[in-house]
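**Q** Next up, protein_9.txt (compact mmCIF, C-alpha atoms).
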```txt
# COMPACT_ATOMS: atom_id res chain seq x y z
CA MET Y 98 7.60 6.97 -21.18
CA ALA Y 99 8.35 4.67 -24.07
CA ALA Y 100 11.22 2.20 -23.98
CA THR Y 101 14.43 3.22 -25.72
CA PHE Y 102 16.78 1.00 -27.71
CA GLY Y 103 19.69 2.09 -29.91
CA SER Y 104 19.27 5.56 -31.30
CA ALA Y 105 15.51 5.85 -31.47
CA THR Y 106 12.55 5.79 -29.15
CA TYR Y 107 10.38 2.83 -30.04
CA GLY Y 108 6.76 3.40 -30.85
CA THR Y 109 7.10 7.18 -31.33
CA GLY Y 110 9.34 7.76 -34.35
CA LEU Y 111 11.17 10.42 -32.32
CA PRO Y 112 14.92 10.71 -31.77
CA ARG Y 113 16.17 8.97 -28.66
CA HIS Y 114 16.45 12.12 -26.56
CA ALA Y 115 13.16 13.66 -27.64
CA ALA Y 116 10.29 13.49 -25.18
CA PRO Y 117 7.35 11.48 -26.47
CA PRO Y 118 3.94 13.12 -26.29
CA ARG Y 119 1.90 12.35 -23.23
CA GLY Y 120 -1.37 10.84 -24.38
CA ARG Y 121 -4.62 11.17 -22.57
CA PRO Y 122 -6.14 8.10 -20.90
CA ARG Y 123 -8.02 5.84 -23.28
CA ALA Y 124 -11.28 4.05 -22.53
CA LYS Y 125 -9.27 0.90 -21.87
CA ASP Y 126 -7.13 2.79 -19.36
CA TRP Y 127 -10.21 3.99 -17.49
CA ALA Y 128 -11.55 0.44 -17.31
CA ILE Y 129 -8.28 -1.09 -16.09
CA SER Y 130 -7.45 1.63 -13.55
CA GLY Y 131 -11.03 1.72 -12.33
CA ALA Y 132 -11.04 -2.04 -11.83
CA ALA Y 133 -7.76 -1.84 -9.88
CA VAL Y 134 -9.19 0.80 -7.54
CA LEU Y 135 -12.43 -1.15 -7.13
CA ILE Y 136 -10.55 -4.31 -6.13
CA VAL Y 137 -8.56 -2.70 -3.32
CA LEU Y 138 -11.48 -0.65 -1.96
CA CYS Y 139 -13.83 -3.65 -1.95
CA GLU Y 140 -11.34 -5.65 0.10
CA LEU Y 141 -10.84 -2.74 2.51
CA THR Y 142 -14.59 -2.31 2.87
CA LEU Y 143 -15.13 -5.99 3.69
CA LEU Y 144 -13.36 -5.72 7.05
CA GLY Y 145 -9.97 -5.73 5.33
CA ALA Y 146 -10.60 -9.37 4.29
CA ASN Y 147 -9.17 -10.19 7.71
CA SER Y 148 -10.89 -13.49 8.45
CA GLY Y 149 -10.43 -17.00 7.15
CA VAL Y 150 -13.32 -16.98 4.67
CA LEU Y 151 -12.83 -13.38 3.52
CA ALA Y 152 -9.06 -13.80 3.19
CA ALA Y 153 -9.42 -16.97 1.13
CA GLY Y 154 -12.06 -15.36 -1.07
CA ALA Y 155 -9.96 -12.21 -1.55
CA GLY Y 156 -6.84 -14.23 -2.40
CA LEU Y 157 -8.64 -16.31 -5.01
CA PHE Y 158 -10.31 -13.21 -6.45
CA ASP Y 159 -6.95 -11.44 -6.72
CA ILE Y 160 -5.53 -14.40 -8.65
CA LEU Y 161 -8.54 -14.32 -11.01
CA ALA Y 162 -8.11 -10.56 -11.41
CA LEU Y 163 -4.53 -11.09 -12.54
CA ALA Y 164 -5.67 -13.74 -15.02
CA ALA Y 165 -8.31 -11.39 -16.43
CA MET Y 166 -5.94 -8.44 -16.66
CA SER Y 167 -3.27 -10.59 -18.32
CA VAL Y 168 -5.78 -11.49 -21.03
CA LEU Y 169 -6.61 -7.82 -21.58
CA LEU Y 170 -2.96 -6.76 -21.65
CA THR Y 171 -1.70 -9.08 -24.37
CA ARG Y 172 1.80 -9.35 -25.90
CA ARG Y 173 3.66 -9.05 -22.61
CA ALA Y 174 6.71 -11.31 -23.11
CA GLY Y 175 9.14 -8.57 -22.05
CA VAL Y 176 7.24 -7.98 -18.85
CA LEU Y 177 7.39 -11.67 -17.95
CA ALA Y 178 11.16 -11.55 -18.23
CA ALA Y 179 11.27 -8.74 -15.68
CA LEU Y 180 8.80 -10.51 -13.38
CA LEU Y 181 10.48 -13.92 -13.52
CA PRO Y 182 12.90 -13.45 -10.56
CA ILE Y 183 10.04 -12.31 -8.31
CA LEU Y 184 7.80 -15.18 -9.40
CA ILE Y 185 10.57 -17.68 -8.66
CA LEU Y 186 11.19 -16.22 -5.19
CA VAL Y 187 7.51 -16.00 -4.22
CA LEU Y 188 6.70 -19.47 -5.53
CA GLY Y 189 9.78 -20.71 -3.68
CA ALA Y 190 8.47 -19.16 -0.46
CA ALA Y 191 5.02 -20.68 -1.04
CA GLY Y 192 6.59 -24.06 -1.77
CA TRP Y 193 8.71 -23.85 1.37
CA GLY Y 194 5.58 -23.13 3.38
CA LEU Y 195 3.84 -26.17 1.92
CA ILE Y 196 6.87 -28.35 2.65
CA LEU Y 197 6.77 -27.19 6.27
CA GLN Y 198 3.13 -28.17 6.57
CA ARG Y 199 4.15 -31.54 8.01
CA PHE Y 200 6.05 -29.75 10.81
CA SER Y 201 3.36 -27.13 11.46
CA VAL Y 202 1.39 -27.05 14.70
CA THR Y 203 -1.65 -26.01 12.60
CA PRO Y 204 -1.24 -27.68 9.18
CA SER Y 205 -4.79 -26.79 8.15
CA GLU Y 206 -3.88 -23.08 8.04
CA THR Y 207 -1.02 -23.46 5.57
CA GLN Y 208 -3.11 -23.45 2.40
CA LEU Y 209 -4.89 -20.27 3.51
CA GLU Y 210 -1.60 -18.45 4.10
CA VAL Y 211 -0.25 -19.59 0.74
CA THR Y 212 -3.44 -18.36 -0.94
CA LYS Y 213 -3.04 -14.97 0.76
CA LEU Y 214 0.59 -14.74 -0.35
CA LEU Y 215 -0.27 -15.58 -3.96
CA GLY Y 216 -3.18 -13.14 -3.87
CA VAL Y 217 -0.98 -10.24 -2.77
CA THR Y 218 1.62 -11.20 -5.39
CA SER Y 219 -1.12 -11.25 -8.02
CA LEU Y 220 -2.09 -7.68 -7.19
CA LEU Y 221 1.57 -6.68 -7.26
CA ILE Y 222 1.73 -7.97 -10.83
CA CYS Y 223 -1.62 -6.32 -11.64
CA GLY Y 224 -0.03 -3.09 -10.46
CA VAL Y 225 2.90 -3.67 -12.82
CA LEU Y 226 0.52 -4.10 -15.75
CA VAL Y 227 -1.29 -0.90 -14.75
CA GLY Y 228 1.96 1.02 -14.37
CA LEU Y 229 3.38 0.04 -17.75
CA ARG Y 230 1.39 2.93 -19.19
CA ARG Y 231 1.92 6.24 -17.43
CA ALA Y 232 -1.64 7.43 -18.07
CA ARG Y 233 -3.03 4.38 -16.24
CA GLY Y 234 -0.84 4.93 -13.18
CA ARG Y 235 -1.82 8.56 -12.88
CA LEU Y 236 -5.47 7.71 -13.46
CA PHE Y 237 -5.32 5.07 -10.73
CA CYS Y 238 -4.23 7.75 -8.26
CA GLY Y 239 -6.96 10.15 -9.34
CA LEU Y 240 -9.66 7.51 -9.08
CA LEU Y 241 -8.33 6.31 -5.73
CA ALA Y 242 -8.36 9.88 -4.41
CA ALA Y 243 -11.98 10.33 -5.49
CA ALA Y 244 -13.19 6.91 -4.34
CA GLY Y 245 -11.05 7.15 -1.20
CA GLY Y 246 -12.78 10.38 -0.24
CA VAL Y 247 -16.15 8.68 -0.59
CA TYR Y 248 -14.85 5.67 1.36
CA THR Y 249 -13.68 7.94 4.18
CA ILE Y 250 -16.99 9.78 4.39
CA GLY Y 251 -18.80 6.43 4.41
CA SER Y 252 -16.53 5.24 7.22
CA PHE Y 253 -17.54 8.23 9.35
CA TRP Y 254 -21.18 7.50 8.61
CA LEU Y 255 -20.80 3.88 9.72
CA TYR Y 256 -19.13 5.00 12.93
CA GLU Y 257 -21.94 7.45 13.69
CA ALA Y 258 -24.53 4.76 13.00
CA ASP Y 259 -22.90 2.20 15.32
CA PRO Y 260 -19.56 3.01 17.01
CA PHE Y 261 -19.23 -0.49 18.48
CA ARG Y 262 -19.71 -2.56 15.33
CA VAL Y 263 -18.54 -2.58 11.73
CA LEU Y 264 -21.03 -4.05 9.27
CA GLY Y 265 -22.62 -5.88 12.20
CA VAL Y 266 -19.33 -7.31 13.55
CA VAL Y 267 -18.35 -6.30 17.09
CA LYS Y 268 -15.01 -4.49 17.29
CA VAL Y 269 -14.07 -6.03 20.67
CA THR Y 270 -10.73 -4.49 21.76
CA HIS Y 271 -11.10 -1.23 19.80
CA ALA Y 272 -14.78 -0.76 20.49
CA TRP Y 273 -14.37 2.88 21.59
CA ARG Y 274 -12.13 3.94 18.70
CA PHE Y 275 -12.85 4.94 15.13
CA THR Y 276 -11.80 2.04 12.87
CA GLY Y 277 -13.46 2.85 9.54
CA THR Y 278 -14.51 -0.39 7.85
CA LEU Y 279 -11.83 -2.36 9.70
CA LEU Y 280 -11.75 -3.82 13.20
CA ASN Y 281 -8.39 -2.37 14.24
CA ALA Y 282 -7.93 1.38 14.72
CA ASN Y 283 -4.18 1.38 14.07
CA VAL Y 284 -4.62 -0.42 10.75
CA ALA Y 285 -7.42 1.98 9.83
CA GLY Y 286 -5.06 4.88 10.57
CA VAL Y 287 -2.59 3.51 8.03
CA VAL Y 288 -5.32 3.03 5.41
CA PHE Y 289 -6.58 6.59 5.76
CA GLY Y 290 -2.99 7.83 5.76
CA MET Y 291 -2.32 6.02 2.48
CA ILE Y 292 -5.41 7.62 0.92
CA CYS Y 293 -4.24 11.03 2.17
CA LEU Y 294 -0.75 10.68 0.69
CA VAL Y 295 -1.95 9.36 -2.68
CA SER Y 296 -4.48 12.21 -2.91
CA LEU Y 297 -1.82 14.78 -2.03
CA GLY Y 298 0.55 13.36 -4.65
CA TRP Y 299 -2.18 13.44 -7.27
CA VAL Y 300 -2.93 17.09 -6.50
CA GLN Y 301 0.75 17.92 -6.91
CA SER Y 302 0.75 16.08 -10.22
CA LEU Y 303 -2.14 18.26 -11.38
CA LEU Y 304 -0.33 21.41 -10.28
CA GLY Y 305 2.82 20.34 -12.07
CA SER Y 306 1.08 19.48 -15.35
CA THR Y 307 1.92 21.50 -18.46
CA ARG Y 308 -1.71 21.31 -19.55
CA THR Y 309 -4.29 23.78 -18.30
CA PRO Y 310 -7.65 22.01 -18.50
CA GLU Y 311 -10.69 23.97 -17.41
CA ALA Y 312 -11.50 21.27 -14.88
CA ARG Y 313 -8.14 21.55 -13.09
CA PRO Y 314 -9.34 23.86 -10.25
CA VAL Y 315 -12.21 21.47 -9.55
CA LEU Y 316 -9.89 18.45 -9.60
CA VAL Y 317 -7.37 20.15 -7.33
CA ALA Y 318 -10.13 21.10 -4.89
CA ALA Y 319 -11.52 17.55 -4.93
CA GLY Y 320 -8.08 16.00 -4.42
CA GLY Y 321 -7.22 18.45 -1.66
CA GLY Y 322 -10.54 17.72 0.01
CA ALA Y 323 -9.92 13.97 -0.15
CA ALA Y 324 -6.44 14.42 1.36
CA THR Y 325 -7.84 16.63 4.11
CA ILE Y 326 -10.70 14.40 5.19
CA ALA Y 327 -8.45 11.32 5.04
CA LEU Y 328 -5.92 13.01 7.33
CA VAL Y 329 -8.70 13.94 9.75
CA ALA Y 330 -9.86 10.31 9.69
CA CYS Y 331 -6.30 9.13 10.34
CA GLY Y 332 -6.15 11.36 13.41
CA PHE Y 333 -9.58 10.20 14.60
CA THR Y 334 -8.38 6.61 14.73
CA GLY Y 335 -5.97 7.63 17.49
CA SER Y 336 -3.09 5.82 15.77
CA ARG Y 337 -0.08 7.83 16.92
CA MET Y 338 2.50 6.22 14.67
CA ALA Y 339 0.35 6.36 11.53
CA PHE Y 340 -0.58 10.00 12.11
CA ALA Y 341 3.00 11.06 12.84
CA TRP Y 342 4.35 9.37 9.72
CA VAL Y 343 1.59 10.75 7.52
CA VAL Y 344 2.48 14.27 8.66
CA ILE Y 345 6.21 13.62 8.07
CA LEU Y 346 5.71 12.02 4.64
CA GLY Y 347 3.17 14.66 3.64
CA ALA Y 348 5.66 17.40 4.52
CA LEU Y 349 8.33 15.63 2.45
CA LEU Y 350 5.92 15.45 -0.50
CA CYS Y 351 5.30 19.20 -0.26
CA LEU Y 352 9.03 19.91 -0.07
CA ALA Y 353 9.71 17.67 -3.07
CA HIS Y 354 7.04 19.52 -5.04
CA LEU Y 355 8.54 22.89 -4.19
CA PHE Y 356 12.05 21.79 -5.14
CA LYS Y 357 10.75 20.42 -8.43
CA SER Y 358 8.99 23.73 -9.05
CA ARG Y 359 12.21 25.66 -8.51
CA ALA Y 360 13.82 23.62 -11.26
CA ALA Y 361 11.17 24.82 -13.73
CA ASP Y 362 11.00 28.22 -15.37
CA ALA Y 363 10.35 31.10 -12.96
CA PRO Y 364 6.76 32.06 -13.92
CA ARG Y 365 5.56 28.46 -13.85
CA ALA Y 366 7.44 27.80 -10.62
CA ALA Y 367 5.83 30.79 -8.94
CA GLY Y 368 2.41 29.59 -10.01
CA ARG Y 369 3.03 26.09 -8.69
CA MET Y 370 4.39 27.34 -5.41
CA ALA Y 371 1.43 29.69 -4.97
CA ALA Y 372 -1.03 26.90 -5.78
CA ILE Y 373 0.38 24.60 -3.12
CA VAL Y 374 -0.30 27.14 -0.35
CA PRO Y 375 -4.06 26.48 0.00
CA VAL Y 376 -3.44 22.73 -0.18
CA ALA Y 377 -0.82 22.98 2.56
CA ALA Y 378 -3.23 25.12 4.60
CA LEU Y 379 -5.88 22.39 4.32
CA ILE Y 380 -3.38 19.79 5.49
CA VAL Y 381 -2.43 21.92 8.51
CA LEU Y 382 -6.12 22.40 9.33
CA ALA Y 383 -6.75 18.68 9.05
CA ALA Y 384 -3.79 17.94 11.28
CA GLY Y 385 -5.21 20.31 13.88
CA LEU Y 386 -8.60 18.59 13.73
CA GLY Y 387 -7.15 15.11 13.98
CA VAL Y 388 -4.50 15.71 16.62
CA GLY Y 389 -7.06 15.87 19.44
CA LYS Y 390 -7.61 12.12 19.42
CA ILE Y 391 -3.86 11.60 19.37
CA LEU Y 392 -3.31 13.79 22.41
CA VAL Y 393 -5.98 11.92 24.36
CA ARG Y 394 -3.95 8.72 23.98
CA GLN Y 395 -0.58 10.38 24.49
CA GLU Y 396 -0.63 9.78 28.25
CA SER Y 397 -0.33 6.05 27.66
CA ALA Y 398 2.44 6.36 25.07
CA ALA Y 399 5.22 5.29 27.46
CA ASP Y 400 3.28 2.21 28.60
CA THR Y 401 2.49 1.32 25.01
CA PHE Y 402 6.14 1.58 24.01
CA VAL Y 403 7.28 -0.65 26.87
CA GLY Y 404 4.50 -3.11 26.14
CA ARG Y 405 5.42 -3.28 22.47
CA ILE Y 406 9.05 -4.01 23.34
CA ASP Y 407 7.87 -6.88 25.56
CA VAL Y 408 5.73 -8.21 22.70
CA LEU Y 409 8.60 -8.16 20.22
CA ARG Y 410 10.98 -9.73 22.73
CA ARG Y 411 8.59 -12.58 23.49
CA PHE Y 412 7.82 -13.46 19.87
CA THR Y 413 11.46 -13.15 18.85
CA ALA Y 414 12.33 -15.73 21.51
CA LEU Y 415 9.61 -18.05 20.15
CA ALA Y 416 10.90 -17.61 16.59
CA LEU Y 417 14.44 -18.48 17.64
CA GLN Y 418 13.23 -21.78 19.06
CA ARG Y 419 12.60 -22.97 15.49
CA PRO Y 420 14.70 -20.66 13.28
CA LEU Y 421 14.85 -22.94 10.23
CA THR Y 422 11.37 -24.40 9.92
CA GLY Y 423 9.33 -21.92 11.92
CA TRP Y 424 6.11 -22.98 13.58
CA GLY Y 425 4.18 -23.25 10.33
CA LEU Y 426 2.34 -20.73 8.15
CA GLY Y 427 -0.77 -19.51 9.93
CA ALA Y 428 0.32 -21.04 13.24
CA PHE Y 429 0.75 -17.78 15.12
CA ASP Y 430 -2.55 -17.84 17.00
CA GLN Y 431 -2.03 -21.39 18.23
CA VAL Y 432 1.58 -20.72 19.21
CA ASN Y 433 0.63 -17.56 21.06
CA GLN Y 434 -2.22 -19.18 22.99
CA SER Y 435 -0.22 -22.26 23.94
CA THR Y 436 2.80 -20.34 25.25
CA LEU Y 437 1.08 -17.63 27.30
CA SER Y 438 2.37 -17.15 30.81
CA THR Y 439 0.62 -15.61 33.79
CA ALA Y 440 2.41 -12.32 33.09
CA SER Y 441 1.66 -12.18 29.36
CA ALA Y 442 -1.87 -13.59 29.31
CA ALA Y 443 -3.58 -10.36 30.36
CA ASP Y 444 -2.08 -8.32 27.49
CA MET Y 445 -1.51 -10.84 24.69
CA TYR Y 446 -4.29 -13.43 24.94
CA ASP Y 447 -6.19 -11.91 21.99
CA PHE Y 448 -3.22 -11.25 19.69
CA GLY Y 449 -3.74 -12.51 16.15
CA ALA Y 450 -0.36 -11.33 14.87
CA ALA Y 451 3.15 -10.69 16.15
CA HIS Y 452 2.87 -6.91 15.65
CA SER Y 453 5.73 -7.00 13.17
CA SER Y 454 5.32 -8.38 9.66
CA LEU Y 455 8.98 -9.38 9.39
CA LEU Y 456 8.98 -11.07 12.77
CA GLN Y 457 5.78 -12.96 11.99
CA ALA Y 458 7.20 -14.21 8.68
CA PHE Y 459 10.28 -15.44 10.56
CA LEU Y 460 8.23 -17.02 13.35
CA GLU Y 461 5.88 -18.88 11.01
CA GLY Y 462 8.09 -19.76 8.03
CA GLY Y 463 11.60 -19.69 9.45
CA ALA Y 464 14.65 -17.92 8.06
CA PRO Y 465 14.39 -19.35 4.48
CA TYR Y 466 10.83 -18.05 4.11
CA LEU Y 467 11.80 -14.60 5.40
CA ILE Y 468 14.90 -14.43 3.20
CA LEU Y 469 12.98 -15.37 0.04
CA LEU Y 470 10.33 -12.71 0.61
CA CYS Y 471 12.83 -10.02 1.61
CA THR Y 472 14.94 -10.75 -1.46
CA ALA Y 473 11.89 -10.31 -3.68
CA GLY Y 474 11.12 -7.01 -1.95
CA VAL Y 475 14.68 -5.76 -2.35
CA ILE Y 476 14.64 -6.56 -6.08
CA VAL Y 477 11.41 -4.64 -6.61
CA VAL Y 478 12.41 -1.62 -4.51
CA GLY Y 479 15.89 -1.63 -6.03
CA GLY Y 480 14.44 -1.55 -9.54
CA ILE Y 481 12.23 1.40 -8.62
CA ALA Y 482 15.08 3.26 -6.93
CA ALA Y 483 17.41 2.75 -9.91
CA ASN Y 484 15.00 4.62 -12.19
CA TRP Y 485 13.47 6.98 -9.63
CA ARG Y 486 14.67 10.16 -11.32
CA LEU Y 487 12.89 9.10 -14.52
CA ILE Y 488 9.57 8.18 -12.92
CA SER Y 489 9.40 10.76 -10.14
CA GLU Y 490 6.41 13.06 -10.42
CA GLY Y 491 3.62 14.08 -8.07
CA TRP Y 492 1.42 10.99 -8.30
CA SER Y 493 4.32 8.52 -8.22
CA ARG Y 494 5.80 10.22 -5.16
CA GLY Y 495 2.39 9.95 -3.49
CA LEU Y 496 2.29 6.22 -4.19
CA ALA Y 497 5.82 5.78 -2.87
CA ALA Y 498 4.94 7.66 0.31
CA ALA Y 499 1.83 5.52 0.83
CA VAL Y 500 3.82 2.28 0.44
CA ALA Y 501 6.50 3.62 2.79
CA LEU Y 502 3.83 4.41 5.41
CA ALA Y 503 2.47 0.85 5.32
CA ALA Y 504 5.96 -0.67 5.42
CA VAL Y 505 7.25 1.45 8.32
CA CYS Y 506 4.15 0.99 10.45
CA SER Y 507 4.11 -2.77 9.81
CA LEU Y 508 7.51 -3.09 11.46
CA VAL Y 509 5.83 -2.60 14.85
CA ASP Y 510 2.19 -3.39 14.10
CA ILE Y 511 -0.08 -5.74 12.18
CA ASP Y 512 -0.77 -3.58 9.10
CA LEU Y 513 0.69 -5.82 6.38
CA ASN Y 514 -0.74 -8.90 8.10
CA VAL Y 515 -4.20 -7.59 7.14
CA PRO Y 516 -4.78 -8.98 3.61
CA ALA Y 517 -6.49 -5.89 2.18
CA VAL Y 518 -3.74 -3.55 3.37
CA ALA Y 519 -1.03 -5.83 1.98
CA ALA Y 520 -2.95 -6.05 -1.30
CA THR Y 521 -3.33 -2.26 -1.52
CA ALA Y 522 0.36 -1.68 -0.80
CA GLY Y 523 1.24 -4.41 -3.31
CA MET Y 524 -0.87 -2.80 -6.03
CA MET Y 525 0.76 0.60 -5.42
CA LEU Y 526 4.27 -0.87 -5.35
CA GLY Y 527 3.53 -2.75 -8.55
CA ILE Y 528 2.46 0.43 -10.35
CA LEU Y 529 5.76 2.08 -9.42
CA TRP Y 530 7.67 -1.01 -10.55
CA GLY Y 531 5.74 -1.06 -13.82
CA ARG Y 532 6.79 2.52 -14.49
CA SER Y 533 10.39 1.55 -13.72
CA ILE Y 534 10.27 -1.44 -16.09
CA ASP Y 535 8.84 0.77 -18.82
CA VAL Y 536 11.42 3.57 -18.60
CA ASN Y 537 14.26 1.10 -18.14
CA GLY Y 538 13.71 -0.25 -21.63
CA ARG Y 539 12.72 -3.73 -20.48
CA VAL Y 540 9.43 -3.53 -22.41
CA SER Y 541 9.51 -3.55 -26.19
CA PRO Y 542 6.83 -1.88 -28.33
CA ARG Y 543 5.18 -5.26 -28.87
CA THR Y 544 4.71 -5.84 -25.15
CA THR Y 545 3.28 -2.48 -24.14
CA PRO Y 546 -0.48 -2.42 -24.79
```
Take the structure in the file and give it back as structure tokens.
**A**
Amino acid sequence: MAATFGSATYGTGLPRHAAPPRGRPRAKDWAISGAAVLIVLCELTLLGANSGVLAAGAGLFDILALAAMSVLLTRRAGVLAALLPILILVLGAAGWGLILQRFSVTPSETQLEVTKLLGVTSLLICGVLVGLRRARGRLFCGLLAAAGGVYTIGSFWLYEADPFRVLGVVKVTHAWRFTGTLLNANVAGVVFGMICLVSLGWVQSLLGSTRTPEARPVLVAAGGGAATIALVACGFTGSRMAFAWVVILGALLCLAHLFKSRAADAPRAAGRMAAIVPVAALIVLAAGLGVGKILVRQESAADTFVGRIDVLRRFTALALQRPLTGWGLGAFDQVNQSTLSTASAADMYDFGAAHSSLLQAFLEGGAPYLILLCTAGVIVVGGIAANWRLISEGWSRGLAAAVALAAVCSLVDIDLNVPAVAATAGMMLGILWGRSIDVNGRVSPRTTP
């Protein structure tokens, strides 16, 4: 949607209240959206970039990707004005972390954590640049659905080839569980859930389109297939929270689609509602196939819940010992190992994260670090929410559901502490924010490529 100023819609020559034509993706859009999908899937494939070397490499690559995309998307002064508050907050958080390096118990880890933070922020901004043009955002979802389906099938193949290793790396604690290309089954469940929700949203976007391309049945079948196999994969990981939230968010997406259809004219609404039936049937079938692994682990649900409460209580107590300065960015592993007791050693000796992204930010960077990052997040989400009615359609609702899945699960698990998952969620959130900036009139015709 083009930006509006005064009584006319810039760049279209149409009256202010007239809807601009929806152009098809250009070759440049295919290249940019394809590159964005390739970046996130490469990082997910390489063990989620969840090691020192891989995380540093991914962070630097993300920064270079932003630089390259900024060169391609020229004349972006209006976008910079919208991004400035976030850049100030994130750079402030990174600077605070570097200042605390002298107080850190592991000062050598600080630069790595700052690089990871800047890398995720870079992909957030890349997402904004993608989302400034509606065709690119929708294309991103379509390409991610297609590539995500291939990624999921490849993950099953890797598991069949060697269930105890991923790309030659031993899985250790989750050796008996399906983890895709990652080393943690719960994180893998979130990744497959995100692919499922984005694919489902893209299918709904196809069903709600006013165009009737000959390829639409094939695209709907492909998107529905990607959503189905991703949901099965999510269930096979045995991640109870991820699977439950995918089902809940998927149901909400279907309900939102049906309510949107009712607002349209009756014949078109009936067609949309009829078309969603086979897609919903596939989702129900996938849920039935995946729920078996969930039920196997359900007997230990009570013990897991109690154990997770103990984990959060212990790390909250450690964070409150140094509430202002924290223990230092990247210091979690050292702090955990050095403070283990006889009671906690058996269950927490191998923890690499606090099992809560907010708690870990507080523990490592102190209250100022947490406040700066949360403020940046609130600004972004607030901007999206303020313009949600203008940007809400199938594919954007799918992206929002995927980001919500990662955010909710990371409150009690390590999902957003895995660089590739944080980068993927950041890219998706950025695309939604880019759409919000565009429709809010913050981007002039000279800044939108």
**Q** Show me as a PyMOL selection string the residues that reach within 10 Å of (16.3, -18.0, -0.9), counting only C-alpha atoms and using the file's own coordinates.
**A** chain Y and resi 185-187+189-190+193+464-473
**Q** Once you have the residues from the selection above, write them out as a PDB file, in the frame of the given file, restricted to C-alpha atoms.
**A**
```pdb
ATOM      1  CA  ILE Y 185      10.570 -17.680  -8.660  1.00  0.00           C
ATOM      2  CA  LEU Y 186      11.190 -16.220  -5.190  1.00  0.00           C
ATOM      3  CA  VAL Y 187       7.510 -16.000  -4.220  1.00  0.00           C
ATOM      4  CA  GLY Y 189       9.780 -20.710  -3.680  1.00  0.00           C
ATOM      5  CA  ALA Y 190       8.470 -19.160  -0.460  1.00  0.00           C
ATOM      6  CA  TRP Y 193       8.710 -23.850   1.370  1.00  0.00           C
ATOM      7  CA  ALA Y 464      14.650 -17.920   8.060  1.00  0.00           C
ATOM      8  CA  PRO Y 465      14.390 -19.350   4.480  1.00  0.00           C
ATOM      9  CA  TYR Y 466      10.830 -18.050   4.110  1.00  0.00           C
ATOM     10  CA  LEU Y 467      11.800 -14.600   5.400  1.00  0.00           C
ATOM     11  CA  ILE Y 468      14.900 -14.430   3.200  1.00  0.00           C
ATOM     12  CA  LEU Y 469      12.980 -15.370   0.040  1.00  0.00           C
ATOM     13  CA  LEU Y 470      10.330 -12.710   0.610  1.00  0.00           C
ATOM     14  CA  CYS Y 471      12.830 -10.020   1.610  1.00  0.00           C
ATOM     15  CA  THR Y 472      14.940 -10.750  -1.460  1.00  0.00           C
ATOM     16  CA  ALA Y 473      11.890 -10.310  -3.680  1.00  0.00           C
TER      17      ALA Y 473
END
```
**Q** Taking 4 positions as the minimum chain separation for residues in the same chain, which residues sit within 9 Å of Leu415 (chain Y) when counting all atoms listed in the file? Answer as an MDAnalysis selection string.
**A** chainID Y and resid 410:411 419:420 424 432 436 460
**Q** If you count all atoms listed in the file, which residues fall within 6 Å of region 218-235 of chain Y, apart from same-chain ones fewer than 5 positions away, as a list of chain:residue names?
**A**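 Here the qualifying residues turn out to be Y:Pro122, Y:Asp126, Y:Ser130, Y:Asp159, Y:Ile160, Y:Leu163, Y:Gly523, Y:Met524, Y:Gly527, Y:Ile528, Y:Trp530, Y:Gly531, Y:Arg532, Y:Asp535.
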**Q** As an exercise, work out the distance from CA of Val505 (chain Y) to CA of Arg337 (chain Y) in Å and give it to one decimal place.
**A**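 Separating CA of Val505 (chain Y) from CA of Arg337 (chain Y) is a distance of 13.0 Å.
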**Q** Given only C-alpha atoms, how would the per-residue table for region 236-347 of chain Y near region 446-458 of chain Y read, listing every residue at most 12 Å away with its closest atom pair and distance in Å to one decimal, sorted by chain and number, as a Markdown table?
**A**
```
| residue | atom | partner | partner_atom | distance |
| --- | --- | --- | --- | --- |
| Y:Val269 | CA | Y:Asp447 | CA | 9.9 |
| Y:Thr270 | CA | Y:Asp447 | CA | 8.7 |
| Y:His271 | CA | Y:Asp447 | CA | 12.0 |
| Y:Asn281 | CA | Y:Gly449 | CA | 11.3 |
| Y:Asn283 | CA | Y:His452 | CA | 11.0 |
| Y:Val284 | CA | Y:His452 | CA | 11.1 |
```
**Q** What would the file look like if the residues just selected were written as an mmCIF file, keeping the file's coordinate frame with C-alpha atoms?
**A**
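Done, and the output landed in again.cif:
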```cif
data_model
loop_
_atom_site.group_PDB
_atom_site.id
_atom_site.type_symbol
_atom_site.label_atom_id
_atom_site.label_comp_id
_atom_site.auth_asym_id
_atom_site.auth_seq_id
_atom_site.Cartn_x
_atom_site.Cartn_y
_atom_site.Cartn_z
ATOM 1 C CA VAL Y 269 -14.070 -6.030 20.670
ATOM 2 C CA THR Y 270 -10.730 -4.490 21.760
ATOM 3 C CA HIS Y 271 -11.100 -1.230 19.800
ATOM 4 C CA ASN Y 281 -8.390 -2.370 14.240
ATOM 5 C CA ASN Y 283 -4.180 1.380 14.070
ATOM 6 C CA VAL Y 284 -4.620 -0.420 10.750
#
```
**Q** CA of Ala522 (chain Y) and CA of Pro260 (chain Y) are how many Å apart?
**A** 27.1 Å
**Q** Between CA of Ser507 (chain Y) and CA of Gly479 (chain Y), what is the distance in Å, rounded to a tenth?
**A**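 Between CA of Ser507 (chain Y) and CA of Gly479 (chain Y) the gap is 19.8 Å.
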**Q** Fewer than 3 positions away in the same chain doesn't count, so skip those; otherwise give me all residues within 8 Å of Phe200 (chain Y), counting all atoms listed in the file, as JSON, numbers by chain.
**A** {"Y": [197, 204, 422, 424, 425]}
**Q** Can you work out which one of Y:Leu135, Y:Ala520, Y:Leu355, Y:Ala155 has the shortest atom-to-atom distance to Leu241 (chain Y), counting all atoms listed in the file?
**A**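 With all atoms listed in the file as the atom set, the closest residue is Y:Leu135.
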